[in-house]
Structures are given as C-alpha cells and as structure tokens.
Amino acid sequence: FVLCKESTLSFSGKTCTINDERITSSCIADVYFTKNTIKRAEEANITVDTFNGYLKLTADTTPQGSIAATIIIKAV
C-alpha cells in the first residue's frame, strides 16, 4: 500500500506519533516539510522511524510551533 497524508505535526516534547494499523516496521516513510515550516523542521533535526502500527518522528530539540508536512508511507 501507499499512504499519502498531509498533516500538521504536533510534537509532545520531542516526539510525534502517527498511528495507522497498515504501517509495519519494514515500511519506508518519506516526510516532506512545507516551504513555510521546513526551517523549523531542520532546526529541530527530526528523524523518522516506522514500527508496527505507527510512525514516530523524533526531534533533537522540541520544534518551535507547528510543522506541516506531507508523509508518504510505502510498504516493501
């Protein structure tokens, strides 16, 4: 499957979790931050990991304000 989702990412501390039962640990996630929020995303140094049932974004520093992104998840 391919899941394409436009989201406003809400971080609780340094993490943001997106739940979807179709996501597995072997999925590949591409995150494209919007033009207006990419600077905040880069400053936060966000990494992305997939797990069974959810996607987890982790920031080195808590992002200042909301971050908008398009997330594409591909099953492999």
# chains A, B, ... in the order shown; residues from 1 in each chain; ligands from 1
$ residues_around --residues "region 65-72 of chain A" --least-positions-apart "2" --cutoff "10 Å" --atoms "only C-alpha atoms" --output "JSON, numbers by chain"
{"A": [2, 3, 4, 5, 6, 7, 8, 9, 10, 11, 28, 29, 30, 31, 32, 33, 34, 35, 36, 37, 38, 39, 40, 41, 55, 62, 63, 74]}
$ select_by_dssp --residues "chain A" --states "helix (DSSP H, G or I)" --output "MDAnalysis selection string"
chainID A and resid 38:44
$ closest_residue --among "A:Asp49, A:Ile73, A:Glu43, A:Tyr54" --to "Asn19 (chain A)" --atoms "only C-alpha atoms"
A:Tyr54
$ select_by_dssp --residues "chain A" --states "strand (DSSP E)" --output "MDAnalysis selection string"
chainID A and resid 2:9 15:19 28:33 46:51 54:59 67:74
$ write_last_selection --atoms "C-alpha atoms" --output "compact mmCIF listing (two decimals), in the first residue's frame"
# COMPACT_ATOMS: atom_id res chain seq x y z
CA VAL A 2 0.95 3.63 -0.29
CA LEU A 3 -0.40 6.06 2.28
CA CYS A 4 -0.13 9.75 1.48
CA LYS A 5 -1.20 12.03 4.28
CA GLU A 6 -0.95 15.79 4.68
CA SER A 7 -0.52 16.59 8.35
CA THR A 8 0.19 19.28 10.85
CA LEU A 9 2.63 17.56 13.17
CA THR A 15 8.21 13.17 19.71
CA CYS A 16 5.25 12.97 17.37
CA THR A 17 3.42 9.70 16.72
CA ILE A 18 1.07 8.92 13.84
CA ASN A 19 -0.98 5.77 14.30
CA ILE A 28 9.55 3.24 4.18
CA ALA A 29 8.40 6.73 5.21
CA ASP A 30 9.20 9.89 3.26
CA VAL A 31 8.42 13.17 5.02
CA TYR A 32 8.26 16.39 3.01
CA PHE A 33 8.04 19.51 5.15
CA ILE A 46 13.77 15.41 13.01
CA THR A 47 14.28 11.69 12.36
CA VAL A 48 11.59 9.22 11.29
CA ASP A 49 11.12 5.57 12.28
CA THR A 50 8.39 3.08 11.37
CA PHE A 51 7.01 0.50 13.77
CA TYR A 54 2.67 3.64 13.92
CA LEU A 55 5.20 6.16 12.63
CA LYS A 56 7.38 8.01 15.13
CA LEU A 57 9.10 11.33 14.48
CA THR A 58 11.78 12.31 16.98
CA ALA A 59 13.39 15.75 17.22
CA ILE A 67 5.21 21.84 11.49
CA ALA A 68 3.26 20.94 8.36
CA ALA A 69 4.31 18.05 6.16
CA THR A 70 3.21 15.54 3.57
CA ILE A 71 4.00 11.99 4.64
CA ILE A 72 4.23 9.15 2.14
CA ILE A 73 4.48 5.63 3.54
CA LYS A 74 5.35 2.72 1.24
$ atom_distance --atom1 "CA of Ser12 (chain A)" --atom2 "CA of Ala75 (chain A)"
26.8 Å
